[in-house]
Amino acid sequence: GDWSVLSERKVRSGDIILVHAGLYKGDRMRYSEPTGLDFDGTYHLTAKGTAQRPIVIRAAGDGEVIFDGDGAHTLFNVMAADHHIFEGLTIRNADIAFQAGLKDVAGAKGLTVRDCRIEDVGVAVNAQFAGSHDFLISDNIMLGRDDRHRLLGWYNPGIYGGNRLKSYHAVKVYGAGHVVRHNYIAYFHDGISVCTHGSPDSDPADRASSIDFYNNDIHLMADDFIESDGGVHNIRVMRNRGVNAGQCGLSAQPVYGGPAYFIRNVVYHVPTGCGLKFNVKPTGMVLYHNTMITEALPGDTYANTHMRNNLFLGTDTPGRAVFRFTNATAYSTFDYNGYRLNPQ
């Protein structure tokens with residue numbers, strides 16, 4: 001209730017909070033609710049950890065720990081909570097599981113979410129603040145609310161109609177030094193994305209750079225598997241597998257200079273033929289050793305792009321090109337790639 005703000009904060013940098021097995025679900029429509037989640041249902045975490053002494057919220061190991069959001073918009077607001085680690089938890093039934101940053105507002109630093117199961121959510125981790133850095137999102141299962149039995153796109157979707165945004169994205173980040181790895185992601189609009197901020201900030205420290213998306217397994221997206229959109233320097237998309245995307249596979253819409261590396265990714269079944277979404281005139285993409293079991297049809301001109309040892313395998317769609325060389329510069333290169341042509 002209103003009186004609960006009078007209590008002193010007890011959490012300090014370096015604390016480890018062990019959560020015992022059970023279901024933790026507040027009744028946000030009950031005044032003076034024991035968990036302090038009256039009305040909005042959100043845990044607002046504001047204590048500060050450090051890189052050397054983070055604050056850890058971890059399952060105690062005696063059974064599953066379930067945080068149920070009771071339909072709240074946001075369950076954990078960590079925009080003011082630097083260097084927090086969430087580990088081994090099940091989080092469900094909220095529009096946003098972790099709200100970690102909003103563009104031009106505020107955002108966390110050093111957030112870690114690992115070994116968690118995040119299900120029945122609209123967004124798993126949202127982090128769109130340019131000043132955020134050094135997130136680790138690792139070894140999680142993230143399950144959205146979208147149709148699990150149909151591949152529904154949103155643009156020209158066909159007889160079932162456009163996909164609704166029941167679940168938006170699993171992970172979206174901006175800033176520098178983030179790692180998103182070893183996650184299983186399914187049933188969202190987008191899988192893993194760099195937040196598209198527009199023109200990069202004049203301060204290099206506030207640009208999307210040194211970001212790694214690797215070894216993620218992504219299934220059934222209404223839009224794209226992975227988006228490097230808005231990325232600036234050293235965006236690395238490596239060894240990911242994407243199966244079933246309603247619109248496009250790997251996106252660079254745009255990349256501001258690069259390099260943005262796409263290495264050893266597998267993309268399977270993108271019926272639109274948009275395996276690579278190079279739109280809004282991106283520049284500086286490097287593609288090595290990828291396998292595209294779809295057509296890869298960039299929709300715009302792109303510059304300073306280099307491709308080696310990729311396989312572009314068509315889907316036997318008559319008359320559809322397998323790749324589109326829409327070069328804006330003479331110094332892009334396409335060597336040692338393999339193409340399996342469609343009929344005609």
# chains A, B, ... in the order shown; residues from 1 in each chain; ligands from 1
$ closest_atom_pairs --of "range 234-269 of chain A" --to "range 171-190 of chain A" --cutoff "9 Å" --atoms "only C-alpha atoms" --output "JSON lines"
{"residue": "A:Asn240", "atom": "CA", "partner": "A:His182", "partner_atom": "CA", "distance": 8.8}
{"residue": "A:Ala245", "atom": "CA", "partner": "A:Asp190", "partner_atom": "CA", "distance": 8.9}
{"residue": "A:Gly246", "atom": "CA", "partner": "A:His189", "partner_atom": "CA", "distance": 8.8}
$ residues_around --residues "Met238 in chain A" --least-positions-apart "4" --cutoff "8 Å" --atoms "only C-alpha atoms" --output "list in words"
Asp212, Phe213, Tyr214, Asn215, Tyr261, Phe262, Ile263, Arg264 and Asn265 of chain A
$ residues_around --residues "Arg114 in chain A" --least-positions-apart "6" --cutoff "8 Å" --atoms "only C-alpha atoms" --output "list in words"
Ile85, Phe86, Glu87, Gly88, Leu136, Ile137, Ser138, Asp139 and Asn140 of chain A
$ closest_residue --among "A:Gly110, A:Gly249, A:Gly162, A:Pro54" --to "Val270 in chain A" --atoms "only C-alpha atoms"
A:Gly249
$ residues_around --residues "range 335-343 of chain A" --least-positions-apart "2" --cutoff "9 Å" --atoms "only C-alpha atoms" --output "PyMOL selection string"
chain A and resi 289+306-323+333
$ write_last_selection --atoms "C-alpha atoms" --output "PDB file, in the first residue's frame"
ATOM      1  CA  HIS A 289      29.416 -19.396 -44.463  1.00  0.00           C
ATOM      2  CA  HIS A 306      31.212  -8.759 -48.884  1.00  0.00           C
ATOM      3  CA  MET A 307      29.959 -12.337 -49.187  1.00  0.00           C
ATOM      4  CA  ARG A 308      32.012 -15.533 -49.119  1.00  0.00           C
ATOM      5  CA  ASN A 309      31.156 -19.247 -49.018  1.00  0.00           C
ATOM      6  CA  ASN A 310      27.408 -18.808 -48.621  1.00  0.00           C
ATOM      7  CA  LEU A 311      24.765 -21.194 -49.944  1.00  0.00           C
ATOM      8  CA  PHE A 312      21.603 -19.696 -51.421  1.00  0.00           C
ATOM      9  CA  LEU A 313      19.163 -22.552 -51.971  1.00  0.00           C
ATOM     10  CA  GLY A 314      15.919 -21.698 -53.732  1.00  0.00           C
ATOM     11  CA  THR A 315      12.526 -23.166 -52.899  1.00  0.00           C
ATOM     12  CA  ASP A 316      11.444 -24.148 -56.436  1.00  0.00           C
ATOM     13  CA  THR A 317       9.195 -21.116 -56.746  1.00  0.00           C
ATOM     14  CA  PRO A 318       8.880 -20.683 -60.543  1.00  0.00           C
ATOM     15  CA  GLY A 319      10.308 -17.437 -61.868  1.00  0.00           C
ATOM     16  CA  ARG A 320      11.546 -16.111 -58.533  1.00  0.00           C
ATOM     17  CA  ALA A 321      15.166 -14.999 -58.364  1.00  0.00           C
ATOM     18  CA  VAL A 322      17.402 -16.628 -55.756  1.00  0.00           C
ATOM     19  CA  PHE A 323      19.496 -13.532 -55.053  1.00  0.00           C
ATOM     20  CA  THR A 333      32.244  -8.540 -53.561  1.00  0.00           C
TER      21      THR A 333
END
$ residues_around --residues "range 69-80 of chain A" --least-positions-apart "5" --cutoff "8 Å" --atoms "only C-alpha atoms" --output "PDB file with N, CA and C atoms, in the first residue's frame"
ATOM      1  N   LYS A  25       2.662 -14.673  -6.978  1.00  0.00           N
ATOM      2  CA  LYS A  25       1.688 -13.960  -7.791  1.00  0.00           C
ATOM      3  C   LYS A  25       0.920 -12.998  -6.897  1.00  0.00           C
ATOM      4  N   GLY A  26       1.089 -11.710  -7.166  1.00  0.00           N
ATOM      5  CA  GLY A  26       0.354 -10.727  -6.406  1.00  0.00           C
ATOM      6  C   GLY A  26      -1.066 -10.563  -6.927  1.00  0.00           C
ATOM      7  N   ASP A  27      -1.927 -10.038  -6.087  1.00  0.00           N
ATOM      8  CA  ASP A  27      -3.292  -9.680  -6.480  1.00  0.00           C
ATOM      9  C   ASP A  27      -3.317  -8.170  -6.619  1.00  0.00           C
ATOM     10  N   ARG A  28      -3.076  -7.674  -7.842  1.00  0.00           N
ATOM     11  CA  ARG A  28      -2.861  -6.245  -8.015  1.00  0.00           C
ATOM     12  C   ARG A  28      -4.132  -5.422  -7.899  1.00  0.00           C
ATOM     13  N   ASP A  40      -0.560  -1.664 -10.371  1.00  0.00           N
ATOM     14  CA  ASP A  40       0.198  -1.854 -11.610  1.00  0.00           C
ATOM     15  C   ASP A  40       0.854  -3.225 -11.684  1.00  0.00           C
ATOM     16  N   GLY A  41       1.071  -3.879 -10.548  1.00  0.00           N
ATOM     17  CA  GLY A  41       1.620  -5.231 -10.549  1.00  0.00           C
ATOM     18  C   GLY A  41       3.081  -5.326 -10.899  1.00  0.00           C
ATOM     19  N   THR A  42       3.829  -4.233 -10.742  1.00  0.00           N
ATOM     20  CA  THR A  42       5.222  -4.195 -11.193  1.00  0.00           C
ATOM     21  C   THR A  42       6.184  -4.151 -10.017  1.00  0.00           C
ATOM     22  N   TYR A  43       7.222  -4.988 -10.092  1.00  0.00           N
ATOM     23  CA  TYR A  43       8.352  -4.864  -9.176  1.00  0.00           C
ATOM     24  C   TYR A  43       9.284  -3.780  -9.741  1.00  0.00           C
ATOM     25  N   HIS A  44       9.393  -2.644  -9.049  1.00  0.00           N
ATOM     26  CA  HIS A  44      10.296  -1.571  -9.469  1.00  0.00           C
ATOM     27  C   HIS A  44      11.595  -1.723  -8.675  1.00  0.00           C
ATOM     28  N   LEU A  45      12.643  -2.160  -9.346  1.00  0.00           N
ATOM     29  CA  LEU A  45      13.920  -2.407  -8.677  1.00  0.00           C
ATOM     30  C   LEU A  45      14.853  -1.231  -8.940  1.00  0.00           C
ATOM     31  N   THR A  46      15.372  -0.640  -7.866  1.00  0.00           N
ATOM     32  CA  THR A  46      16.169   0.584  -8.000  1.00  0.00           C
ATOM     33  C   THR A  46      17.512   0.519  -7.284  1.00  0.00           C
ATOM     34  N   ALA A  47      17.798  -0.561  -6.570  1.00  0.00           N
ATOM     35  CA  ALA A  47      19.101  -0.676  -5.918  1.00  0.00           C
ATOM     36  C   ALA A  47      20.193  -0.841  -6.976  1.00  0.00           C
ATOM     37  N   LYS A  48      21.402  -0.410  -6.643  1.00  0.00           N
ATOM     38  CA  LYS A  48      22.509  -0.441  -7.595  1.00  0.00           C
ATOM     39  C   LYS A  48      23.533  -1.493  -7.188  1.00  0.00           C
ATOM     40  N   ILE A  91       9.152 -16.939 -15.446  1.00  0.00           N
ATOM     41  CA  ILE A  91       8.451 -15.655 -15.450  1.00  0.00           C
ATOM     42  C   ILE A  91       7.366 -15.730 -16.508  1.00  0.00           C
ATOM     43  N   ARG A  92       6.136 -15.344 -16.145  1.00  0.00           N
ATOM     44  CA  ARG A  92       5.029 -15.538 -17.090  1.00  0.00           C
ATOM     45  C   ARG A  92       3.919 -14.507 -16.846  1.00  0.00           C
ATOM     46  N   ASN A  93       3.017 -14.425 -17.831  1.00  0.00           N
ATOM     47  CA  ASN A  93       1.751 -13.710 -17.689  1.00  0.00           C
ATOM     48  C   ASN A  93       1.951 -12.211 -17.449  1.00  0.00           C
ATOM     49  N   ALA A  94       2.732 -11.582 -18.337  1.00  0.00           N
ATOM     50  CA  ALA A  94       2.897 -10.120 -18.317  1.00  0.00           C
ATOM     51  C   ALA A  94       3.212  -9.672 -19.737  1.00  0.00           C
ATOM     52  N   ASP A  95       2.855  -8.443 -20.062  1.00  0.00           N
ATOM     53  CA  ASP A  95       3.193  -7.937 -21.388  1.00  0.00           C
ATOM     54  C   ASP A  95       4.706  -7.822 -21.560  1.00  0.00           C
ATOM     55  N   ILE A  96       5.399  -7.301 -20.550  1.00  0.00           N
ATOM     56  CA  ILE A  96       6.854  -7.176 -20.591  1.00  0.00           C
ATOM     57  C   ILE A  96       7.428  -7.853 -19.355  1.00  0.00           C
ATOM     58  N   ALA A  97       8.299  -8.819 -19.542  1.00  0.00           N
ATOM     59  CA  ALA A  97       8.919  -9.488 -18.396  1.00  0.00           C
ATOM     60  C   ALA A  97       9.966  -8.578 -17.752  1.00  0.00           C
ATOM     61  N   PHE A  98      10.894  -8.028 -18.563  1.00  0.00           N
ATOM     62  CA  PHE A  98      11.945  -7.140 -18.056  1.00  0.00           C
ATOM     63  C   PHE A  98      11.936  -5.860 -18.880  1.00  0.00           C
ATOM     64  N   GLN A  99      11.540  -4.767 -18.251  1.00  0.00           N
ATOM     65  CA  GLN A  99      11.641  -3.452 -18.887  1.00  0.00           C
ATOM     66  C   GLN A  99      12.960  -2.843 -18.430  1.00  0.00           C
ATOM     67  N   ALA A 100      13.938  -2.817 -19.343  1.00  0.00           N
ATOM     68  CA  ALA A 100      15.289  -2.422 -18.951  1.00  0.00           C
ATOM     69  C   ALA A 100      15.742  -1.118 -19.575  1.00  0.00           C
ATOM     70  N   GLY A 101      14.904  -0.470 -20.405  1.00  0.00           N
ATOM     71  CA  GLY A 101      15.324   0.806 -20.955  1.00  0.00           C
ATOM     72  C   GLY A 101      14.398   1.323 -22.027  1.00  0.00           C
ATOM     73  N   ALA A 106      15.665   6.411 -19.871  1.00  0.00           N
ATOM     74  CA  ALA A 106      16.583   5.831 -18.888  1.00  0.00           C
ATOM     75  C   ALA A 106      16.781   4.369 -19.230  1.00  0.00           C
ATOM     76  N   GLY A 107      17.829   3.774 -18.652  1.00  0.00           N
ATOM     77  CA  GLY A 107      18.064   2.366 -18.879  1.00  0.00           C
ATOM     78  C   GLY A 107      19.114   1.810 -17.955  1.00  0.00           C
ATOM     79  N   ALA A 108      19.105   0.483 -17.840  1.00  0.00           N
ATOM     80  CA  ALA A 108      20.009  -0.206 -16.927  1.00  0.00           C
ATOM     81  C   ALA A 108      21.368  -0.453 -17.575  1.00  0.00           C
TER      82      ALA A 108
END
$ atom_distance --atom1 "CA of Val255 in chain A" --atom2 "CA of Ser228 in chain A"
6.8 Å
$ residues_around --residues "Ala59 in chain A" --least-positions-apart "6" --cutoff "12 Å" --atoms "only C-alpha atoms" --output "list in words"
Ile16, Ile17, Leu18, Val19, His20, Ala21, Gly22, Val65, Ile66, Phe67, Ile85, Phe86, Glu87, Gly88, Leu89, Thr90, Ile91, Arg114, Asp115, Cys116 and Arg117 of chain A
$ select_by_dssp --residues "range 132-196 of chain A" --states "strand (DSSP E or B)" --output "list in words"
His133, Leu136, Ile137, Ser138, Ile141, Met142, Leu143, His169, Ala170, Val171, Lys172, Val173, Ala176, Val179, Val180, Arg181, Tyr184, Ile185, Ala186, Tyr187, Phe188, Asp190, Gly191, Ile192, Ser193 and Val194 of chain A
